[in-house]
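Source file coords31.tsv; content: TSV, C-alpha atoms and all ligand atoms.
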```tsv
chain	number	residue	atom	x	y	z
V	1	MET	CA	-1.15	20.88	14.40
V	2	ARG	CA	-2.57	17.67	13.09
V	3	ILE	CA	0.82	16.20	12.20
V	4	VAL	CA	2.26	15.07	15.53
V	5	LYS	CA	5.54	13.57	16.71
V	6	PRO	CA	5.17	9.93	17.70
V	7	ASP	CA	6.36	10.56	21.26
V	8	ALA	CA	4.43	9.53	24.39
V	9	GLU	CA	2.08	12.51	24.08
V	10	GLY	CA	1.50	11.94	20.35
V	11	LEU	CA	0.71	8.28	20.92
V	12	ARG	CA	-1.59	9.14	23.82
V	13	ARG	CA	-3.56	11.51	21.56
V	14	ALA	CA	-3.69	8.92	18.77
V	15	VAL	CA	-5.03	6.24	21.12
V	16	GLU	CA	-7.64	8.68	22.41
V	17	VAL	CA	-8.87	9.39	18.86
V	18	LEU	CA	-8.98	5.66	18.02
V	19	ARG	CA	-10.90	4.84	21.21
V	20	ALA	CA	-13.38	7.59	20.31
V	21	GLU	CA	-14.08	5.57	17.11
V	22	SER	CA	-12.38	8.03	14.80
V	23	VAL	CA	-9.35	7.55	12.52
V	24	VAL	CA	-5.60	8.19	12.79
V	25	ALA	CA	-3.00	8.12	10.02
V	26	PHE	CA	0.17	6.33	11.02
V	27	PRO	CA	3.47	5.35	9.39
V	28	THR	CA	4.28	1.82	8.31
V	29	GLU	CA	7.39	0.55	6.56
V	30	THR	CA	5.47	0.41	3.25
V	31	VAL	CA	3.23	3.50	3.06
V	32	TYR	CA	1.19	5.50	5.59
V	33	GLY	CA	-2.04	3.85	6.70
V	34	LEU	CA	-5.39	5.35	7.70
V	35	GLY	CA	-6.19	3.38	10.84
V	36	ALA	CA	-9.40	2.63	12.69
V	37	ASN	CA	-10.58	0.10	15.25
V	38	ALA	CA	-11.37	-2.91	13.06
V	39	PHE	CA	-14.28	-3.85	15.33
V	40	SER	CA	-15.97	-0.43	15.18
V	41	ALA	CA	-18.46	-0.07	12.33
V	42	LYS	CA	-18.46	3.68	12.91
V	43	ALA	CA	-14.69	4.05	12.70
V	44	VAL	CA	-14.42	1.74	9.68
V	45	GLY	CA	-17.19	3.72	7.99
V	46	GLU	CA	-15.11	6.86	8.54
V	47	ILE	CA	-12.23	5.28	6.59
V	48	TYR	CA	-14.50	4.59	3.61
V	49	ARG	CA	-15.97	8.10	3.78
V	50	LEU	CA	-12.67	9.99	4.06
V	51	LYS	CA	-11.00	7.98	1.30
V	52	ASN	CA	-14.09	7.91	-0.89
V	53	ARG	CA	-13.39	4.18	-1.09
V	54	PRO	CA	-15.97	1.95	-2.75
V	55	SER	CA	-17.73	-0.26	-0.21
V	56	TRP	CA	-16.84	-3.44	-2.14
V	57	ASN	CA	-13.13	-2.93	-1.47
V	58	PRO	CA	-12.10	-4.71	1.78
V	59	LEU	CA	-9.47	-3.46	4.25
V	60	ILE	CA	-6.25	-4.93	5.62
V	61	VAL	CA	-6.24	-5.39	9.39
V	62	HIS	CA	-2.98	-4.64	11.22
V	63	VAL	CA	-2.10	-6.48	14.42
V	64	ALA	CA	0.82	-6.53	16.86
V	65	ASN	CA	1.53	-10.27	16.97
V	66	VAL	CA	0.71	-13.65	15.42
V	67	ALA	CA	-1.71	-14.61	18.21
V	68	ALA	CA	-3.80	-11.52	17.43
V	69	ALA	CA	-3.69	-12.42	13.72
V	70	ARG	CA	-4.91	-15.97	14.37
V	71	ASP	CA	-7.72	-14.58	16.44
V	72	LEU	CA	-9.09	-12.81	13.33
V	73	ALA	CA	-8.94	-15.98	11.24
V	74	GLU	CA	-11.46	-18.80	11.07
V	75	THR	CA	-8.63	-21.19	10.21
V	76	TRP	CA	-4.90	-20.57	10.18
V	77	PRO	CA	-3.06	-22.58	7.49
V	78	ASP	CA	0.41	-24.03	8.16
V	79	THR	CA	1.75	-21.87	5.34
V	80	ALA	CA	0.54	-18.79	7.23
V	81	ASN	CA	2.56	-19.91	10.24
V	82	GLU	CA	5.68	-20.42	8.16
V	83	LEU	CA	5.33	-17.14	6.29
V	84	ALA	CA	4.56	-15.21	9.47
V	85	ALA	CA	7.60	-16.69	11.22
V	86	GLN	CA	9.80	-15.64	8.32
V	87	PHE	CA	8.38	-12.28	7.24
V	88	TRP	CA	6.38	-10.68	10.08
V	89	PRO	CA	6.68	-7.97	11.13
V	90	GLY	CA	7.07	-6.96	7.49
V	91	PRO	CA	5.53	-5.99	4.13
V	92	LEU	CA	3.49	-9.17	3.58
V	93	THR	CA	-0.31	-9.32	3.84
V	94	LEU	CA	-1.94	-12.74	4.19
V	95	VAL	CA	-5.52	-13.43	3.11
V	96	VAL	CA	-7.10	-16.21	5.20
V	97	PRO	CA	-10.66	-17.33	6.08
V	98	ARG	CA	-12.27	-14.64	8.27
V	99	ALA	CA	-13.33	-15.29	11.87
V	100	ARG	CA	-17.08	-14.79	12.22
V	101	HIS	CA	-16.83	-12.28	15.07
V	102	LEU	CA	-15.01	-9.85	12.76
V	103	THR	CA	-17.50	-8.08	10.50
V	104	GLY	CA	-17.43	-4.84	8.54
V	105	VAL	CA	-13.83	-4.75	7.32
V	106	GLY	CA	-14.17	-7.60	4.83
V	107	ALA	CA	-16.69	-5.88	2.55
V	108	GLY	CA	-18.90	-8.96	2.75
V	109	ASN	CA	-16.14	-11.44	1.84
V	110	ASP	CA	-15.58	-14.52	3.99
V	111	THR	CA	-11.84	-13.81	3.98
V	112	ILE	CA	-9.68	-11.33	5.83
V	113	ALA	CA	-6.36	-9.67	4.94
V	114	ILE	CA	-3.93	-9.35	7.86
V	115	ARG	CA	-0.39	-8.14	8.48
V	116	ILE	CA	2.02	-7.16	11.25
V	117	PRO	CA	3.74	-3.94	10.14
V	118	ALA	CA	7.48	-3.48	10.71
V	119	HIS	CA	7.49	0.14	11.84
V	120	GLU	CA	8.22	0.98	15.43
V	121	VAL	CA	5.53	3.67	15.57
V	122	ALA	CA	2.89	1.37	14.07
V	123	LEU	CA	3.77	-1.38	16.56
V	124	ARG	CA	3.72	1.04	19.48
V	125	LEU	CA	0.33	2.34	18.37
V	126	LEU	CA	-1.06	-1.20	18.09
V	127	GLU	CA	0.26	-2.08	21.53
V	128	ALA	CA	-0.77	1.17	23.25
V	129	SER	CA	-4.31	1.02	21.81
V	130	GLY	CA	-4.74	-2.71	22.28
V	131	LEU	CA	-6.75	-2.65	19.05
V	132	ALA	CA	-6.62	-4.45	15.73
V	133	LEU	CA	-6.37	-1.59	13.24
V	134	ALA	CA	-8.04	-1.71	9.85
V	135	ALA	CA	-5.83	0.47	7.65
V	136	PRO	CA	-5.79	1.07	3.93
V	137	SER	CA	-3.22	3.43	2.46
V	138	ALA	CA	-3.95	6.97	3.69
V	139	ASN	CA	-4.89	8.55	0.37
V	140	ARG	CA	-8.05	9.31	-1.60
V	141	SER	CA	-9.23	6.25	-3.47
V	142	GLU	CA	-7.30	5.74	-6.76
V	143	SER	CA	-4.60	8.31	-6.05
V	144	ILE	CA	-0.95	7.84	-5.07
V	145	SER	CA	-0.19	6.25	-1.69
V	146	PRO	CA	1.49	8.53	0.86
V	147	THR	CA	5.08	7.90	1.90
V	148	THR	CA	5.30	10.94	4.22
V	149	ALA	CA	2.99	12.59	6.77
V	150	GLU	CA	2.69	15.64	4.48
V	151	HIS	CA	1.45	13.47	1.60
V	152	VAL	CA	-1.34	12.21	3.88
V	153	LEU	CA	-2.68	15.67	4.66
V	154	ARG	CA	-2.42	16.76	1.05
V	155	SER	CA	-4.59	13.85	-0.06
V	156	LEU	CA	-6.87	13.71	3.00
V	157	PRO	CA	-7.06	17.22	4.52
V	158	ASP	CA	-9.80	16.16	6.97
V	159	VAL	CA	-7.81	13.46	8.80
V	160	PRO	CA	-7.93	14.37	12.51
V	161	LEU	CA	-4.41	13.20	13.36
V	162	VAL	CA	-1.26	12.03	11.55
V	163	LEU	CA	1.61	10.40	13.45
V	164	ASP	CA	4.81	11.48	11.72
V	165	GLY	CA	7.28	8.60	11.41
V	166	GLY	CA	9.38	10.14	8.63
V	167	PRO	CA	9.54	8.82	5.06
V	168	ALA	CA	8.41	5.20	4.61
V	169	SER	CA	11.41	2.96	3.98
V	170	TRP	CA	9.88	0.60	1.36
V	171	GLY	CA	7.71	3.30	-0.23
V	172	ILE	CA	5.45	0.76	-1.96
V	173	GLU	CA	2.55	-1.29	-0.56
V	174	SER	CA	2.81	-4.76	0.94
V	175	THR	CA	2.67	-7.92	-1.15
V	176	VAL	CA	-0.80	-9.52	-0.78
V	177	LEU	CA	-0.93	-13.32	-0.82
V	178	ASP	CA	-4.12	-15.40	-0.77
V	179	LEU	CA	-3.78	-18.55	1.36
V	180	THR	CA	-7.37	-19.76	1.07
V	181	GLY	CA	-6.69	-22.18	-1.81
V	182	ALA	CA	-4.44	-25.22	-2.22
V	183	ILE	CA	-1.66	-23.10	-3.73
V	184	PRO	CA	-0.81	-19.60	-2.44
V	185	ARG	CA	-1.94	-16.98	-4.94
V	186	LEU	CA	-0.44	-13.55	-5.48
V	187	LEU	CA	-3.17	-10.91	-5.32
V	188	ARG	CA	-0.95	-7.84	-5.38
V	189	PRO	CA	2.80	-7.70	-6.08
V	190	GLY	CA	4.43	-5.46	-3.52
V	191	ALA	CA	7.42	-4.71	-1.35
V	192	LEU	CA	8.24	-8.32	-0.49
V	193	PRO	CA	9.74	-9.98	-3.60
V	194	LEU	CA	8.29	-13.23	-4.95
V	195	ARG	CA	11.67	-14.90	-4.73
V	196	ALA	CA	11.62	-14.55	-0.95
V	197	LEU	CA	8.06	-15.90	-0.77
V	198	ARG	CA	8.80	-18.94	-2.93
V	199	ASP	CA	11.68	-19.90	-0.66
V	200	VAL	CA	9.15	-20.42	2.13
V	201	ALA	CA	5.81	-21.14	0.44
V	202	GLY	CA	6.99	-23.10	-2.62
V	203	SER	CA	5.23	-22.35	-5.88
V	204	ILE	CA	2.89	-19.38	-6.11
V	205	ASP	CA	0.07	-18.77	-8.57
V	206	LEU	CA	0.47	-15.48	-10.38
V	207	PRO	CA	-2.24	-13.29	-11.85
V	208	ASP	CA	-1.87	-12.27	-15.49
V	209	GLU	CA	0.25	-9.19	-15.61
V	210	GLY	CA	-1.17	-5.84	-16.57
V	211	PRO	CA	-4.33	-4.06	-15.55
V	212	SER	CA	-7.62	-5.70	-16.34
V	213	ASP	CA	-11.10	-5.15	-15.11
V	214	GLY	CA	-12.40	-8.67	-15.54
V	215	ALA	CA	-15.72	-9.72	-14.11
V	216	VAL	CA	-13.91	-11.78	-11.50
V	217	ARG	CA	-11.96	-9.52	-9.22
V	218	SER	CA	-9.90	-11.66	-6.90
V	219	SER	CA	-8.26	-8.77	-5.05
V	220	PRO	CA	-11.02	-6.26	-5.24
V	221	GLY	CA	-8.72	-3.27	-4.92
V	222	MET	CA	-6.80	-4.25	-8.03
V	223	SER	CA	-9.04	-2.32	-10.33
V	224	ARG	CA	-7.56	-1.00	-13.48
V	225	ARG	CA	-6.97	2.65	-12.63
V	226	HIS	CA	-5.24	3.09	-9.32
V	227	TYR	CA	-2.18	4.71	-7.79
V	228	ALA	CA	-2.60	7.59	-10.21
V	229	PRO	CA	-1.16	11.11	-10.03
V	230	ARG	CA	-3.29	14.10	-11.06
V	231	ALA	CA	-1.28	14.47	-14.25
V	232	THR	CA	-1.78	12.01	-17.11
V	233	LEU	CA	0.87	9.31	-16.89
V	234	VAL	CA	2.29	7.75	-20.04
V	235	LEU	CA	4.76	4.85	-20.23
V	236	VAL	CA	7.30	4.96	-23.06
V	237	LYS	CA	10.13	2.74	-24.29
V	238	ASP	CA	12.64	5.60	-24.37
V	239	VAL	CA	12.11	8.97	-22.69
V	240	ARG	CA	14.87	10.48	-24.84
V	241	ASP	CA	12.47	10.41	-27.80
V	242	VAL	CA	9.92	12.54	-25.98
V	243	GLU	CA	9.35	16.05	-27.22
V	244	ARG	CA	10.03	18.39	-24.30
V	245	ASP	CA	7.63	21.03	-23.15
V	246	PRO	CA	7.24	22.79	-19.76
V	247	SER	CA	3.90	21.05	-19.20
V	248	VAL	CA	5.54	17.62	-19.52
V	249	GLY	CA	7.41	16.01	-16.63
V	250	VAL	CA	9.79	13.12	-17.20
V	251	LEU	CA	10.49	10.25	-14.83
V	252	THR	CA	13.34	7.93	-15.62
V	253	TYR	CA	16.03	5.89	-13.94
V	254	GLU	CA	19.79	6.00	-14.06
V	255	THR	CA	20.24	4.49	-17.53
V	256	ALA	CA	18.68	7.38	-19.44
V	257	ASP	CA	20.15	10.81	-18.91
V	258	VAL	CA	17.52	13.46	-19.64
V	259	GLU	CA	17.84	17.09	-18.60
V	260	GLY	CA	15.32	18.28	-16.04
V	261	ALA	CA	13.96	14.77	-15.45
V	262	GLU	CA	13.28	13.07	-12.14
V	263	ILE	CA	15.96	10.39	-12.16
V	264	LEU	CA	15.45	7.41	-9.83
V	265	SER	CA	17.76	4.52	-8.99
V	266	ALA	CA	18.22	1.61	-11.41
V	267	ASP	CA	17.84	-0.72	-8.42
V	268	PRO	CA	14.18	-1.82	-8.18
V	269	ARG	CA	13.97	-1.57	-4.40
V	270	GLU	CA	15.45	1.94	-4.32
V	271	TYR	CA	13.33	2.94	-7.30
V	272	ALA	CA	10.16	1.76	-5.53
V	273	ALA	CA	11.14	3.62	-2.36
V	274	ASP	CA	11.26	6.93	-4.28
V	275	LEU	CA	8.55	6.40	-6.89
V	276	TYR	CA	5.49	7.83	-5.09
V	277	ALA	CA	7.46	10.80	-3.70
V	278	ALA	CA	8.66	11.55	-7.25
V	279	LEU	CA	5.09	11.40	-8.62
V	280	HIS	CA	3.96	13.70	-5.78
V	281	ARG	CA	6.76	16.16	-6.70
V	282	LEU	CA	5.80	16.13	-10.37
V	283	ASP	CA	2.16	16.73	-9.45
V	284	ASP	CA	3.25	19.61	-7.20
V	285	ALA	CA	5.22	21.09	-10.11
V	286	GLY	CA	1.89	21.31	-11.92
V	287	VAL	CA	2.76	19.35	-15.05
V	288	ALA	CA	-0.15	18.12	-17.15
V	289	LYS	CA	1.60	14.98	-18.29
V	290	ILE	CA	4.23	12.67	-16.82
V	291	VAL	CA	6.22	10.57	-19.25
V	292	VAL	CA	7.76	7.53	-17.59
V	293	GLN	CA	10.59	5.36	-18.89
V	294	GLU	CA	9.33	1.76	-18.90
V	295	PRO	CA	11.18	-0.30	-16.28
V	296	PRO	CA	12.78	-3.66	-17.22
V	297	GLN	CA	10.49	-6.67	-17.77
V	298	THR	CA	12.16	-8.74	-15.03
V	299	GLU	CA	10.43	-10.16	-11.95
V	300	ASP	CA	12.35	-7.82	-9.62
V	301	TRP	CA	10.42	-4.94	-11.19
V	302	LEU	CA	7.00	-6.64	-11.00
V	303	ALA	CA	5.51	-4.40	-8.27
V	304	VAL	CA	6.83	-1.19	-9.84
V	305	ARG	CA	5.52	-2.20	-13.31
V	306	ASP	CA	2.16	-3.06	-11.75
V	307	ARG	CA	1.79	0.36	-10.09
V	308	LEU	CA	2.96	2.28	-13.16
V	309	SER	CA	0.64	0.44	-15.53
V	310	ARG	CA	-2.31	1.10	-13.22
V	311	ALA	CA	-1.34	4.75	-12.87
V	312	ALA	CA	-1.26	4.97	-16.68
V	313	ALA	CA	-4.67	3.30	-17.17
V	314	GLN	CA	-7.35	5.76	-18.29
V	401	LIG	O1	1.35	-1.83	2.60
V	401	LIG	C1	0.13	-1.91	2.70
V	401	LIG	O2	-0.49	-2.96	2.46
V	401	LIG	C2	-0.61	-0.66	3.17
V	401	LIG	C3	-0.21	-0.37	4.60
V	401	LIG	C4	-0.96	0.79	5.21
V	401	LIG	O3	-0.35	-1.53	5.38
V	401	LIG	N1	-2.03	-0.84	3.04
V	401	LIG	C5	-2.66	-0.89	1.84
V	401	LIG	O4	-4.03	-1.02	1.93
V	401	LIG	O5	-2.07	-0.80	0.78
V	401	LIG	P1	-5.01	-0.78	0.69
V	401	LIG	O6	-6.37	-0.88	1.26
V	401	LIG	O7	-4.64	0.47	0.00
V	401	LIG	O8	-4.76	-2.03	-0.22
V	401	LIG	C6	-5.17	-3.30	0.26
V	401	LIG	C7	-5.32	-4.28	-0.87
V	401	LIG	C8	-6.47	-3.89	-1.78
V	401	LIG	O9	-6.11	-4.24	-3.11
V	401	LIG	C9	-7.61	-4.76	-1.27
V	401	LIG	O10	-8.59	-5.03	-2.23
V	401	LIG	C10	-6.86	-6.02	-0.88
V	401	LIG	O11	-5.64	-5.56	-0.33
V	401	LIG	N2	-7.61	-6.79	0.11
V	401	LIG	C11	-7.98	-6.41	1.35
V	401	LIG	N3	-8.68	-7.37	1.96
V	401	LIG	C12	-8.78	-8.40	1.07
V	401	LIG	C13	-9.40	-9.68	1.09
V	401	LIG	N4	-10.08	-10.12	2.15
V	401	LIG	N5	-9.28	-10.46	-0.01
V	401	LIG	C14	-8.60	-10.04	-1.08
V	401	LIG	N6	-7.99	-8.83	-1.18
V	401	LIG	C15	-8.08	-8.03	-0.12
V	402	MG	MG	-4.34	1.89	-1.39
```

Could you express the structure from this file as structure tokens?
Ligand code: TXA
Ligand code: MG
Amino acid sequence: MRIVKPDAEGLRRAVEVLRAESVVAFPTETVYGLGANAFSAKAVGEIYRLKNRPSWNPLIVHVANVAAARDLAETWPDTANELAAQFWPGPLTLVVPRARHLTGVGAGNDTIAIRIPAHEVALRLLEASGLALAAPSANRSESISPTTAEHVLRSLPDVPLVLDGGPASWGIESTVLDLTGAIPRLLRPGALPLRALRDVAGSIDLPDEGPSDGAVRSSPGMSRRHYAPRATLVLVKDVRDVERDPSVGVLTYETADVEGAEILSADPREYAADLYAALHRLDDAGVAKIVVQEPPQTEDWLAVRDRLSRAAAQ
């Protein structure tokens, strides 16, 4: 079995695989990550190969504590200290100038993205291995992030080992914040809401909403099509107007009552927690098209709207 319980034996096996410069999928509070020793070019190369990830897209490095994070940074801004004190361990990734001794994970950038995950299994793995773990979401490039161990194997059947930590509690990726400029800049909306960030970091520069593939790609992974199910995803104002057909799946939330639809919560955090699992279920049902009720235009729904609009991009 490649899906293993995260008990002492499971962790021992995972550490062994990591020390042998291979990769291990592990749970975090956001989504499952595909982890490798951040200082091993061989192991990091294995991440890119398994995911079919373009080499220009840099990786997030996961560490067990703030001292380990600072060690990967050339400079550590005061704002990073304040944000780390408030939100780590947790679903916030900080982009800071990269320490020169760390190569390979940054895809040639002079910055590095770092976070301390808030999942007991992830923290135990970091501590038991003594490694900094580069870990993107454990899915094929451009497809839906995994929120369970089974999702990982379905997307990446060749992963040698998956630590099973149950369903991810946030179910959506971390918020990525760039601290290399004068004002913190949002690179990817995610689990941690902007409101919480502003309380600590003050004002935050926002990217224009909606997918774009401009020449300047500040967060390289934010390409237009991403997070996509196999089926074609279409966003609509009202799913009740959609003509029903067995090849069409419908995803909505509590306000619209549609027979046979996947109905998620009208609370943005609960909706996000179930979104990827619902898209996986619709894909498993074999529908050719998924029609999704557009979520509200409010800031609380920013991360969900971002993922849905990318999933819908052709
Ligand atoms: O919640 C998460 O962040 C999950 C879990 C496993 O930690 N990881 C994750 O990794 O979503 P990934 O690789 O799927 O997405 C990382 C995002 C990408 O958009 C990538 O381009 C961006 O972070 N990123 C990584 N390093 C960066 C850097 N140095 N500068 C700017 N963006 C960076
Ligand atoms: Mg990803």

| task | Identify, on the basis of all atoms listed in the file, every residue whose closest approach to Glu142 of chain V does not exceed 12 Å; exclude the query and any residue fewer than 2 positions from it along the same chain; express the result as JSON, numbers by chain. | result | {"V": [51, 52, 53, 54, 57, 136, 137, 138, 139, 140, 144, 145, 146, 155, 221, 222, 223, 224, 225, 226, 227, 228, 229, 230, 307, 310, 311, 312, 313, 314]}

| query | Which residues come within 10 Å of Thr298 of chain V, counting only C-alpha atoms, excluding same-chain residues fewer than 4 positions away, as a PyMOL selection string? | reply | chain V and resi 268+302+305

Generate a file of the selected residues that holds C-alpha atoms, formatted as a PDB file, keeping the file's coordinate frame.
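New file again.pdb:
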```pdb
ATOM      1  CA  PRO V 268      14.180  -1.820  -8.180  1.00  0.00           C
ATOM      2  CA  LEU V 302       7.000  -6.640 -11.000  1.00  0.00           C
ATOM      3  CA  ARG V 305       5.520  -2.200 -13.310  1.00  0.00           C
TER       4      ARG V 305
END
```

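When all atoms listed in the file are used to compute distances to Ala113 of chain V, the closest of the residues V:Ser174, V:Ser141, V:Asn37, V:Ser129 turns out to be V:Ser174.
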
| atom CA of Leu192 of chain V and atom CA of Phe39 of chain V are how many Å apart? |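 Result for atom CA of Leu192 of chain V versus atom CA of Phe39 of chain V: 27.9 Å, one decimal.
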
| message | Any residue with an atom at most 8 Å from ligand LIG 401 (chain V) counts, using all atoms listed in the file. Which are they? Put them as a ChimeraX atom specification. | response | /V:27-34,57-60,62,91-93,95-96,98,105-107,109-115,117,135-138,145,172-176,178,187-188,190-191,218-222

| At what distance in Å, to one decimal, does atom CA of Ile116 of chain V lie from atom CA of Tyr271 of chain V? |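 The value is 24.0 Å.
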
| said: Which residue is closest to Leu163 of chain V? Choose from V:Ala25, V:Ala303, V:Leu126, V:Leu179 and count all atoms listed in the file. | reply: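 Ranking V:Ala25, V:Ala303, V:Leu126, V:Leu179 by distance to Leu163 of chain V, first place goes to V:Ala25.
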
| query | Taking into account only C-alpha atoms and all ligand atoms, which residue in the set V:Ile3, V:Ile290, V:Val152, V:Ala73 is nearest to ligand MG 402 (chain V)? | reply |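 Closest residue, counting only C-alpha atoms and all ligand atoms: V:Val152.
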
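Atom CA of Pro296 of chain V sits 16.8 Å away from atom CA of Asp274 of chain V.
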